[in-house]
file work-v1.pdb (PDB, C-alpha atoms and all ligand atoms)
ATOM      1  CA  MET A 250      12.392 -21.030 -11.763  1.00  0.00           C
ATOM      2  CA  GLU A 251       9.312 -19.065 -10.951  1.00  0.00           C
ATOM      3  CA  THR A 252       7.870 -16.043 -12.654  1.00  0.00           C
ATOM      4  CA  ARG A 253       6.301 -13.523 -10.342  1.00  0.00           C
ATOM      5  CA  GLU A 254       4.216 -10.529 -11.183  1.00  0.00           C
ATOM      6  CA  ILE A 255       4.818  -7.298  -9.327  1.00  0.00           C
ATOM      7  CA  ARG A 256       1.922  -4.886  -9.403  1.00  0.00           C
ATOM      8  CA  ILE A 257       2.125  -1.154  -9.175  1.00  0.00           C
ATOM      9  CA  TYR A 258      -1.008   0.876  -8.617  1.00  0.00           C
ATOM     10  CA  VAL A 259      -1.160   4.311 -10.156  1.00  0.00           C
ATOM     11  CA  ARG A 260      -3.994   6.784 -10.391  1.00  0.00           C
ATOM     12  CA  GLU A 261      -4.269   8.792 -13.565  1.00  0.00           C
ATOM     13  CA  PHE A 262      -6.039  12.110 -13.788  1.00  0.00           C
ATOM     14  CA  ALA A 263      -6.932  13.664 -17.130  1.00  0.00           C
ATOM     15  CA  LYS A 264      -6.494  17.174 -15.795  1.00  0.00           C
ATOM     16  CA  MET A 265      -5.191  19.018 -12.774  1.00  0.00           C
ATOM     17  CA  GLU A 266      -8.626  20.136 -11.593  1.00  0.00           C
ATOM     18  CA  GLU A 267      -9.436  16.490 -10.777  1.00  0.00           C
ATOM     19  CA  LEU A 268      -6.745  16.379  -8.075  1.00  0.00           C
ATOM     20  CA  ASP A 269      -7.449  17.254  -4.439  1.00  0.00           C
ATOM     21  CA  GLU A 270      -6.756  20.876  -3.506  1.00  0.00           C
ATOM     22  CA  ASN A 271      -3.367  20.284  -1.820  1.00  0.00           C
ATOM     23  CA  SER A 272      -2.053  18.269  -4.747  1.00  0.00           C
ATOM     24  CA  GLN A 273      -3.218  20.950  -7.191  1.00  0.00           C
ATOM     25  CA  LYS A 274      -1.404  23.607  -5.203  1.00  0.00           C
ATOM     26  CA  LEU A 275       1.764  21.546  -5.077  1.00  0.00           C
ATOM     27  CA  LEU A 276       1.708  20.818  -8.797  1.00  0.00           C
ATOM     28  CA  MET A 277       1.079  24.495  -9.558  1.00  0.00           C
ATOM     29  CA  LEU A 278       4.131  25.416  -7.486  1.00  0.00           C
ATOM     30  CA  ALA A 279       6.226  22.790  -9.314  1.00  0.00           C
ATOM     31  CA  ARG A 280       5.076  24.236 -12.652  1.00  0.00           C
ATOM     32  CA  GLN A 281       5.928  27.789 -11.596  1.00  0.00           C
ATOM     33  CA  THR A 282       9.307  26.665 -10.280  1.00  0.00           C
ATOM     34  CA  ALA A 283      10.218  24.880 -13.534  1.00  0.00           C
ATOM     35  CA  SER A 284      10.491  28.309 -15.135  1.00  0.00           C
ATOM     36  CA  ASN A 285      13.365  29.101 -12.719  1.00  0.00           C
ATOM     37  CA  ALA A 286      15.424  26.185 -14.033  1.00  0.00           C
ATOM     38  CA  TYR A 287      18.952  26.909 -15.125  1.00  0.00           C
ATOM     39  CA  ALA A 288      19.084  24.556 -18.097  1.00  0.00           C
ATOM     40  CA  PRO A 289      21.093  26.231 -20.881  1.00  0.00           C
ATOM     41  CA  TYR A 290      22.608  22.924 -22.035  1.00  0.00           C
ATOM     42  CA  SER A 291      19.576  20.635 -22.287  1.00  0.00           C
ATOM     43  CA  GLY A 292      16.796  23.205 -22.555  1.00  0.00           C
ATOM     44  CA  PHE A 293      14.813  20.726 -20.416  1.00  0.00           C
ATOM     45  CA  LYS A 294      13.261  22.573 -17.483  1.00  0.00           C
ATOM     46  CA  VAL A 295      12.123  20.568 -14.500  1.00  0.00           C
ATOM     47  CA  GLY A 296      10.258  21.747 -11.413  1.00  0.00           C
ATOM     48  CA  ALA A 297       9.618  19.862  -8.188  1.00  0.00           C
ATOM     49  CA  ALA A 298       7.706  20.837  -5.062  1.00  0.00           C
ATOM     50  CA  VAL A 299       7.617  19.047  -1.725  1.00  0.00           C
ATOM     51  CA  GLU A 300       4.793  19.291   0.803  1.00  0.00           C
ATOM     52  CA  MET A 301       5.908  18.892   4.401  1.00  0.00           C
ATOM     53  CA  ALA A 302       3.795  17.508   7.246  1.00  0.00           C
ATOM     54  CA  ASN A 303       3.750  21.002   8.811  1.00  0.00           C
ATOM     55  CA  GLY A 304       2.133  22.418   5.661  1.00  0.00           C
ATOM     56  CA  GLU A 305       5.268  24.143   4.366  1.00  0.00           C
ATOM     57  CA  LEU A 306       6.033  23.816   0.646  1.00  0.00           C
ATOM     58  CA  VAL A 307       9.605  23.673  -0.655  1.00  0.00           C
ATOM     59  CA  ALA A 308      10.342  23.857  -4.377  1.00  0.00           C
ATOM     60  CA  GLY A 309      13.351  23.390  -6.632  1.00  0.00           C
ATOM     61  CA  SER A 310      14.317  23.436 -10.287  1.00  0.00           C
ATOM     62  CA  ASN A 311      17.147  21.718 -12.161  1.00  0.00           C
ATOM     63  CA  GLN A 312      20.474  23.524 -12.078  1.00  0.00           C
ATOM     64  CA  GLU A 313      22.916  22.638 -14.832  1.00  0.00           C
ATOM     65  CA  ASN A 314      26.625  23.286 -15.093  1.00  0.00           C
ATOM     66  CA  MET A 315      29.101  23.468 -17.961  1.00  0.00           C
ATOM     67  CA  ALA A 316      30.822  20.551 -16.212  1.00  0.00           C
ATOM     68  CA  TYR A 317      27.731  18.416 -16.743  1.00  0.00           C
ATOM     69  CA  PRO A 318      27.844  16.051 -13.732  1.00  0.00           C
ATOM     70  CA  SER A 319      28.095  19.029 -11.387  1.00  0.00           C
ATOM     71  CA  GLY A 320      24.490  19.971 -12.100  1.00  0.00           C
ATOM     72  CA  LEU A 321      21.539  18.658 -10.123  1.00  0.00           C
ATOM     73  CA  CYS A 322      18.006  17.506 -10.903  1.00  0.00           C
ATOM     74  CA  ALA A 323      15.013  19.524  -9.714  1.00  0.00           C
ATOM     75  CA  GLU A 324      13.765  16.742  -7.453  1.00  0.00           C
ATOM     76  CA  ARG A 325      17.006  16.556  -5.521  1.00  0.00           C
ATOM     77  CA  VAL A 326      17.292  20.345  -5.313  1.00  0.00           C
ATOM     78  CA  ALA A 327      13.804  20.376  -3.726  1.00  0.00           C
ATOM     79  CA  LEU A 328      14.297  17.295  -1.530  1.00  0.00           C
ATOM     80  CA  PHE A 329      17.646  18.470  -0.178  1.00  0.00           C
ATOM     81  CA  ALA A 330      16.347  21.995   0.420  1.00  0.00           C
ATOM     82  CA  ALA A 331      13.342  20.532   2.272  1.00  0.00           C
ATOM     83  CA  GLY A 332      15.608  18.288   4.379  1.00  0.00           C
ATOM     84  CA  SER A 333      17.869  21.204   5.068  1.00  0.00           C
ATOM     85  CA  ARG A 334      15.106  23.621   6.111  1.00  0.00           C
ATOM     86  CA  PHE A 335      12.965  21.137   8.035  1.00  0.00           C
ATOM     87  CA  PRO A 336      15.205  18.244   9.136  1.00  0.00           C
ATOM     88  CA  ASP A 337      12.669  16.863  11.623  1.00  0.00           C
ATOM     89  CA  VAL A 338       9.500  17.289   9.580  1.00  0.00           C
ATOM     90  CA  PRO A 339       8.266  14.341   7.484  1.00  0.00           C
ATOM     91  CA  MET A 340       7.663  14.897   3.785  1.00  0.00           C
ATOM     92  CA  LYS A 341       4.143  14.110   2.632  1.00  0.00           C
ATOM     93  CA  SER A 342       4.116  14.589  -1.138  1.00  0.00           C
ATOM     94  CA  ILE A 343       6.258  15.607  -4.057  1.00  0.00           C
ATOM     95  CA  ALA A 344       5.063  16.948  -7.397  1.00  0.00           C
ATOM     96  CA  VAL A 345       7.264  16.909 -10.495  1.00  0.00           C
ATOM     97  CA  THR A 346       6.833  18.571 -13.856  1.00  0.00           C
ATOM     98  CA  ALA A 347       8.977  19.255 -16.918  1.00  0.00           C
ATOM     99  CA  VAL A 348       8.959  21.146 -20.200  1.00  0.00           C
ATOM    100  CA  ASN A 349      11.311  20.418 -23.089  1.00  0.00           C
ATOM    101  CA  LYS A 350      13.155  22.977 -25.202  1.00  0.00           C
ATOM    102  CA  ASP A 351      10.112  23.306 -27.486  1.00  0.00           C
ATOM    103  CA  GLY A 352       7.940  24.166 -24.502  1.00  0.00           C
ATOM    104  CA  LYS A 353       6.210  20.758 -24.554  1.00  0.00           C
ATOM    105  CA  ILE A 354       5.397  18.712 -21.492  1.00  0.00           C
ATOM    106  CA  PRO A 355       6.624  15.081 -21.770  1.00  0.00           C
ATOM    107  CA  ALA A 356       4.232  12.110 -21.661  1.00  0.00           C
ATOM    108  CA  ILE A 357       5.222  11.715 -18.028  1.00  0.00           C
ATOM    109  CA  ALA A 358       7.689  13.691 -15.886  1.00  0.00           C
ATOM    110  CA  ALA A 359       9.406  10.547 -14.627  1.00  0.00           C
ATOM    111  CA  PRO A 360      12.202  11.135 -12.094  1.00  0.00           C
ATOM    112  CA  CYS A 361      15.642   9.669 -12.797  1.00  0.00           C
ATOM    113  CA  GLY A 362      16.970   6.748 -10.779  1.00  0.00           C
ATOM    114  CA  ALA A 363      19.158   8.872  -8.496  1.00  0.00           C
ATOM    115  CA  CYS A 364      16.183  11.088  -7.573  1.00  0.00           C
ATOM    116  CA  ARG A 365      14.079   8.004  -6.846  1.00  0.00           C
ATOM    117  CA  GLN A 366      16.789   6.791  -4.501  1.00  0.00           C
ATOM    118  CA  VAL A 367      16.825  10.140  -2.669  1.00  0.00           C
ATOM    119  CA  MET A 368      13.010  10.115  -2.461  1.00  0.00           C
ATOM    120  CA  LEU A 369      13.248   6.681  -0.901  1.00  0.00           C
ATOM    121  CA  GLU A 370      15.579   7.955   1.816  1.00  0.00           C
ATOM    122  CA  SER A 371      13.194  10.850   2.508  1.00  0.00           C
ATOM    123  CA  GLU A 372      10.411   8.306   2.898  1.00  0.00           C
ATOM    124  CA  VAL A 373      12.489   6.199   5.276  1.00  0.00           C
ATOM    125  CA  ARG A 374      13.230   9.333   7.322  1.00  0.00           C
ATOM    126  CA  ALA A 375       9.558  10.325   7.296  1.00  0.00           C
ATOM    127  CA  GLY A 376       8.488   6.859   8.404  1.00  0.00           C
ATOM    128  CA  GLN A 377       5.474   7.133   6.115  1.00  0.00           C
ATOM    129  CA  LYS A 378       4.745   6.845   2.428  1.00  0.00           C
ATOM    130  CA  ILE A 379       5.298   9.858   0.223  1.00  0.00           C
ATOM    131  CA  ARG A 380       2.705  10.653  -2.442  1.00  0.00           C
ATOM    132  CA  ILE A 381       4.308  11.240  -5.842  1.00  0.00           C
ATOM    133  CA  ILE A 382       2.483  13.415  -8.360  1.00  0.00           C
ATOM    134  CA  LEU A 383       3.934  13.250 -11.854  1.00  0.00           C
ATOM    135  CA  ASP A 384       2.819  15.783 -14.409  1.00  0.00           C
ATOM    136  CA  GLY A 385       2.511  14.853 -18.069  1.00  0.00           C
ATOM    137  CA  GLN A 386      -0.087  14.371 -20.790  1.00  0.00           C
ATOM    138  CA  SER A 387      -2.154  13.073 -17.886  1.00  0.00           C
ATOM    139  CA  ILE A 388      -1.244  13.345 -14.197  1.00  0.00           C
ATOM    140  CA  THR A 389      -0.022  10.178 -12.528  1.00  0.00           C
ATOM    141  CA  VAL A 390      -0.236   9.741  -8.762  1.00  0.00           C
ATOM    142  CA  LEU A 391       1.623   7.015  -6.894  1.00  0.00           C
ATOM    143  CA  GLU A 392       1.398   6.265  -3.191  1.00  0.00           C
ATOM    144  CA  GLY A 393       4.904   5.510  -1.995  1.00  0.00           C
ATOM    145  CA  VAL A 394       8.363   5.359  -3.525  1.00  0.00           C
ATOM    146  CA  ASP A 395       8.176   1.562  -3.707  1.00  0.00           C
ATOM    147  CA  SER A 396       5.963   2.021  -6.758  1.00  0.00           C
ATOM    148  CA  LEU A 397       8.701   4.016  -8.501  1.00  0.00           C
ATOM    149  CA  LEU A 398      11.643   2.007  -7.270  1.00  0.00           C
ATOM    150  CA  PRO A 399      10.935  -1.679  -6.785  1.00  0.00           C
ATOM    151  CA  PHE A 400      13.820  -3.865  -5.542  1.00  0.00           C
ATOM    152  CA  SER A 401      15.330  -0.816  -3.888  1.00  0.00           C
ATOM    153  CA  PHE A 402      18.545  -0.864  -1.916  1.00  0.00           C
ATOM    154  CA  LYS A 403      17.637  -1.029   1.760  1.00  0.00           C
ATOM    155  CA  GLN A 404      19.654  -0.217   4.830  1.00  0.00           C
ATOM    156  CA  GLU A 405      18.882  -3.608   6.337  1.00  0.00           C
ATOM    157  CA  TYR A 406      21.009  -5.217   3.581  1.00  0.00           C
ATOM    158  CA  LEU A 407      24.145  -3.597   4.996  1.00  0.00           C
TER     159      LEU A 407
HETATM  160  N1  LIG B 501      16.442  16.292 -14.810  1.00  0.00           N
HETATM  161  C1  LIG B 501      15.773  16.577 -13.661  1.00  0.00           C
HETATM  162  O1  LIG B 501      15.767  17.708 -13.177  1.00  0.00           O
HETATM  163  N2  LIG B 501      15.094  15.564 -13.079  1.00  0.00           N
HETATM  164  C2  LIG B 501      15.076  14.283 -13.515  1.00  0.00           C
HETATM  165  O2  LIG B 501      14.543  13.415 -12.842  1.00  0.00           O
HETATM  166  C3  LIG B 501      15.673  13.953 -14.807  1.00  0.00           C
HETATM  167  C4  LIG B 501      16.479  15.008 -15.434  1.00  0.00           C
HETATM  168  C5  LIG B 501      17.211  17.378 -15.434  1.00  0.00           C
HETATM  169  C6  LIG B 501      18.703  17.181 -15.386  1.00  0.00           C
HETATM  170  C7  LIG B 501      19.143  18.003 -16.550  1.00  0.00           C
HETATM  171  O3  LIG B 501      19.287  19.344 -16.117  1.00  0.00           O
HETATM  172  C8  LIG B 501      17.997  17.935 -17.531  1.00  0.00           C
HETATM  173  O4  LIG B 501      16.875  17.488 -16.791  1.00  0.00           O
HETATM  174  C9  LIG B 501      18.230  17.015 -18.702  1.00  0.00           C
HETATM  175  O5  LIG B 501      18.613  15.760 -18.284  1.00  0.00           O
END
call {"tool": "encode", "arguments": {"input": "work-v1.pdb", "output": "structure tokens"}}
result
Amino acid sequence: METREIRIYVREFAKMEELDENSQKLLMLARQTASNAYAPYSGFKVGAAVEMANGELVAGSNQENMAYPSGLCAERVALFAAGSRFPDVPMKSIAVTAVNKDGKIPAIAAPCGACRQVMLESEVRAGQKIRIILDGQSITVLEGVDSLLPFSFKQEYL
């Protein structure tokens, strides 16, 4: 038996103004888009915005349904819309934010496992790492989905 340590590097920013201009813009768009969420059941509003390599920005918010599993997370709404509008353009970055039913931002707007898996596929399609900007009490920036989803399922395993 061997114990191995797996390191993940994250950058933490105390406030949005410390981010580079593009990342600020993307996070602002995610924040604006969170207000469009349809979340009558959880009251948890999530916004995501994707920056494409051609400079286009595509945003999405979570869309709930009275048949709960029929709803979709903000990240996947944005990622699928981006893939649908620009199938041949790599994705560069994604920003994610959330506010709970009391209007509070969580410690970190961490994407669920299914959204991480979809981000991974977008990264594989892009052939380059996607920057992930997670809003929260501070802003966390990760370079590549590997940092969010270690031991991921890979196509080469098939
Ligand atoms: N949600 C997202 O939009 N993204 C995530 O990564 C986690 C959860 C949404 C789904 C549901 O509408 C609400 O947040 C509460 O789970």
call {"tool": "closest_residue", "arguments": {"input": "work-v1.pdb", "among": "A:Gly393, A:Pro339, A:Pro355, A:Pro399", "to": "ligand LIG 501 (chain B)", "atoms": "all atoms listed in the file"}}
result
A:Pro355
call {"tool": "residues_around", "arguments": {"input": "work-v1.pdb", "residues": "region 273-275 of chain A", "least_positions_apart": "6", "cutoff": "12 Å", "atoms": "all atoms listed in the file", "output": "ChimeraX atom specification"}}
result
/A:262,264-267,281-282,296-301,304-309,341-346,380-384,388,390
call {"tool": "resolve_selection", "arguments": {"input": "work-v1.pdb", "expression": "the PyMOL selection byres (((not hetatm)) within 7 of (chain B and resi 501))", "output": "PyMOL selection string"}}
result
chain A and resi 288+291+293-295+310-313+320-324+359-361+364
call {"tool": "atom_distance", "arguments": {"input": "work-v1.pdb", "atom1": "CA of Leu369 (chain A)", "atom2": "CA of Val394 (chain A)"}}
result
5.7 Å
call {"tool": "closest_residue", "arguments": {"input": "work-v1.pdb", "among": "A:Ala327, A:Ala358, A:Tyr258, A:Asn285", "to": "Gln386 (chain A)", "atoms": "all atoms listed in the file"}}
result
A:Ala358
call {"tool": "resolve_selection", "arguments": {"input": "work-v1.pdb", "expression": "the PyMOL selection byres (((chain A and resi 336) around 12) and not hetatm)", "output": "ChimeraX atom specification"}}
result
/A:301-303,328-335,337-340,371,374-375
call {"tool": "closest_residue", "arguments": {"input": "work-v1.pdb", "among": "A:Phe402, A:Glu261, A:Met277, A:Gly292", "to": "Asp351 (chain A)", "atoms": "only C-alpha atoms"}}
result
A:Gly292
call {"tool": "closest_residue", "arguments": {"input": "work-v1.pdb", "among": "A:Gln404, A:Gln377, A:Ser387, A:Asn314", "to": "Ala356 (chain A)", "atoms": "only C-alpha atoms"}}
result
A:Ser387
call {"tool": "build_atoms", "arguments": {"input": "work-v1.pdb", "residues": "region 276-298 of chain A", "atoms": "N, CA, C and O atoms", "output": "PDB file, keeping the file's coordinate frame"}}
result
ATOM      1  N   LEU A 276       1.354  20.941  -7.379  1.00  0.00           N
ATOM      2  CA  LEU A 276       1.708  20.818  -8.797  1.00  0.00           C
ATOM      3  C   LEU A 276       1.841  22.202  -9.444  1.00  0.00           C
ATOM      4  O   LEU A 276       2.745  22.432 -10.266  1.00  0.00           O
ATOM      5  N   MET A 277       0.978  23.117  -9.041  1.00  0.00           N
ATOM      6  CA  MET A 277       1.079  24.495  -9.558  1.00  0.00           C
ATOM      7  C   MET A 277       2.432  25.103  -9.195  1.00  0.00           C
ATOM      8  O   MET A 277       3.079  25.752 -10.016  1.00  0.00           O
ATOM      9  N   LEU A 278       2.852  24.875  -7.950  1.00  0.00           N
ATOM     10  CA  LEU A 278       4.131  25.416  -7.486  1.00  0.00           C
ATOM     11  C   LEU A 278       5.282  24.781  -8.277  1.00  0.00           C
ATOM     12  O   LEU A 278       6.221  25.472  -8.683  1.00  0.00           O
ATOM     13  N   ALA A 279       5.182  23.465  -8.522  1.00  0.00           N
ATOM     14  CA  ALA A 279       6.226  22.790  -9.314  1.00  0.00           C
ATOM     15  C   ALA A 279       6.283  23.400 -10.714  1.00  0.00           C
ATOM     16  O   ALA A 279       7.368  23.672 -11.245  1.00  0.00           O
ATOM     17  N   ARG A 280       5.123  23.648 -11.294  1.00  0.00           N
ATOM     18  CA  ARG A 280       5.076  24.236 -12.652  1.00  0.00           C
ATOM     19  C   ARG A 280       5.693  25.632 -12.668  1.00  0.00           C
ATOM     20  O   ARG A 280       6.447  25.971 -13.571  1.00  0.00           O
ATOM     21  N   GLN A 281       5.348  26.427 -11.663  1.00  0.00           N
ATOM     22  CA  GLN A 281       5.928  27.789 -11.596  1.00  0.00           C
ATOM     23  C   GLN A 281       7.443  27.710 -11.438  1.00  0.00           C
ATOM     24  O   GLN A 281       8.186  28.474 -12.043  1.00  0.00           O
ATOM     25  N   THR A 282       7.884  26.759 -10.603  1.00  0.00           N
ATOM     26  CA  THR A 282       9.307  26.665 -10.280  1.00  0.00           C
ATOM     27  C   THR A 282      10.121  26.168 -11.472  1.00  0.00           C
ATOM     28  O   THR A 282      11.305  26.507 -11.601  1.00  0.00           O
ATOM     29  N   ALA A 283       9.501  25.383 -12.346  1.00  0.00           N
ATOM     30  CA  ALA A 283      10.218  24.880 -13.534  1.00  0.00           C
ATOM     31  C   ALA A 283      10.750  26.050 -14.361  1.00  0.00           C
ATOM     32  O   ALA A 283      11.807  25.946 -14.991  1.00  0.00           O
ATOM     33  N   SER A 284      10.040  27.161 -14.329  1.00  0.00           N
ATOM     34  CA  SER A 284      10.491  28.309 -15.135  1.00  0.00           C
ATOM     35  C   SER A 284      11.765  28.941 -14.566  1.00  0.00           C
ATOM     36  O   SER A 284      12.423  29.721 -15.232  1.00  0.00           O
ATOM     37  N   ASN A 285      12.117  28.593 -13.319  1.00  0.00           N
ATOM     38  CA  ASN A 285      13.365  29.101 -12.719  1.00  0.00           C
ATOM     39  C   ASN A 285      14.557  28.191 -13.016  1.00  0.00           C
ATOM     40  O   ASN A 285      15.655  28.448 -12.510  1.00  0.00           O
ATOM     41  N   ALA A 286      14.328  27.133 -13.770  1.00  0.00           N
ATOM     42  CA  ALA A 286      15.424  26.185 -14.033  1.00  0.00           C
ATOM     43  C   ALA A 286      16.583  26.894 -14.718  1.00  0.00           C
ATOM     44  O   ALA A 286      16.372  27.823 -15.522  1.00  0.00           O
ATOM     45  N   TYR A 287      17.770  26.442 -14.380  1.00  0.00           N
ATOM     46  CA  TYR A 287      18.952  26.909 -15.125  1.00  0.00           C
ATOM     47  C   TYR A 287      19.362  25.726 -15.995  1.00  0.00           C
ATOM     48  O   TYR A 287      20.013  24.785 -15.518  1.00  0.00           O
ATOM     49  N   ALA A 288      18.883  25.716 -17.229  1.00  0.00           N
ATOM     50  CA  ALA A 288      19.084  24.556 -18.097  1.00  0.00           C
ATOM     51  C   ALA A 288      19.541  24.982 -19.490  1.00  0.00           C
ATOM     52  O   ALA A 288      18.906  24.654 -20.496  1.00  0.00           O
ATOM     53  N   PRO A 289      20.667  25.736 -19.576  1.00  0.00           N
ATOM     54  CA  PRO A 289      21.093  26.231 -20.881  1.00  0.00           C
ATOM     55  C   PRO A 289      21.630  25.121 -21.786  1.00  0.00           C
ATOM     56  O   PRO A 289      21.703  25.313 -22.999  1.00  0.00           O
ATOM     57  N   TYR A 290      21.990  23.985 -21.225  1.00  0.00           N
ATOM     58  CA  TYR A 290      22.608  22.924 -22.035  1.00  0.00           C
ATOM     59  C   TYR A 290      21.573  21.963 -22.608  1.00  0.00           C
ATOM     60  O   TYR A 290      21.658  21.574 -23.763  1.00  0.00           O
ATOM     61  N   SER A 291      20.588  21.587 -21.798  1.00  0.00           N
ATOM     62  CA  SER A 291      19.576  20.635 -22.287  1.00  0.00           C
ATOM     63  C   SER A 291      18.317  21.357 -22.756  1.00  0.00           C
ATOM     64  O   SER A 291      17.560  20.820 -23.560  1.00  0.00           O
ATOM     65  N   GLY A 292      18.059  22.526 -22.239  1.00  0.00           N
ATOM     66  CA  GLY A 292      16.796  23.205 -22.555  1.00  0.00           C
ATOM     67  C   GLY A 292      15.604  22.517 -21.911  1.00  0.00           C
ATOM     68  O   GLY A 292      14.453  22.863 -22.167  1.00  0.00           O
ATOM     69  N   PHE A 293      15.871  21.509 -21.066  1.00  0.00           N
ATOM     70  CA  PHE A 293      14.813  20.726 -20.416  1.00  0.00           C
ATOM     71  C   PHE A 293      14.630  21.278 -19.002  1.00  0.00           C
ATOM     72  O   PHE A 293      15.517  21.162 -18.164  1.00  0.00           O
ATOM     73  N   LYS A 294      13.485  21.906 -18.770  1.00  0.00           N
ATOM     74  CA  LYS A 294      13.261  22.573 -17.483  1.00  0.00           C
ATOM     75  C   LYS A 294      12.351  21.729 -16.597  1.00  0.00           C
ATOM     76  O   LYS A 294      11.236  21.384 -17.011  1.00  0.00           O
ATOM     77  N   VAL A 295      12.863  21.432 -15.426  1.00  0.00           N
ATOM     78  CA  VAL A 295      12.123  20.568 -14.500  1.00  0.00           C
ATOM     79  C   VAL A 295      11.811  21.349 -13.222  1.00  0.00           C
ATOM     80  O   VAL A 295      12.631  22.147 -12.760  1.00  0.00           O
ATOM     81  N   GLY A 296      10.638  21.131 -12.680  1.00  0.00           N
ATOM     82  CA  GLY A 296      10.258  21.747 -11.413  1.00  0.00           C
ATOM     83  C   GLY A 296       9.753  20.679 -10.466  1.00  0.00           C
ATOM     84  O   GLY A 296       9.079  19.729 -10.887  1.00  0.00           O
ATOM     85  N   ALA A 297      10.100  20.815  -9.200  1.00  0.00           N
ATOM     86  CA  ALA A 297       9.618  19.862  -8.188  1.00  0.00           C
ATOM     87  C   ALA A 297       9.189  20.658  -6.966  1.00  0.00           C
ATOM     88  O   ALA A 297       9.774  21.702  -6.650  1.00  0.00           O
ATOM     89  N   ALA A 298       8.166  20.171  -6.287  1.00  0.00           N
ATOM     90  CA  ALA A 298       7.706  20.837  -5.062  1.00  0.00           C
ATOM     91  C   ALA A 298       7.354  19.771  -4.037  1.00  0.00           C
ATOM     92  O   ALA A 298       6.715  18.757  -4.371  1.00  0.00           O
TER      93      ALA A 298
END
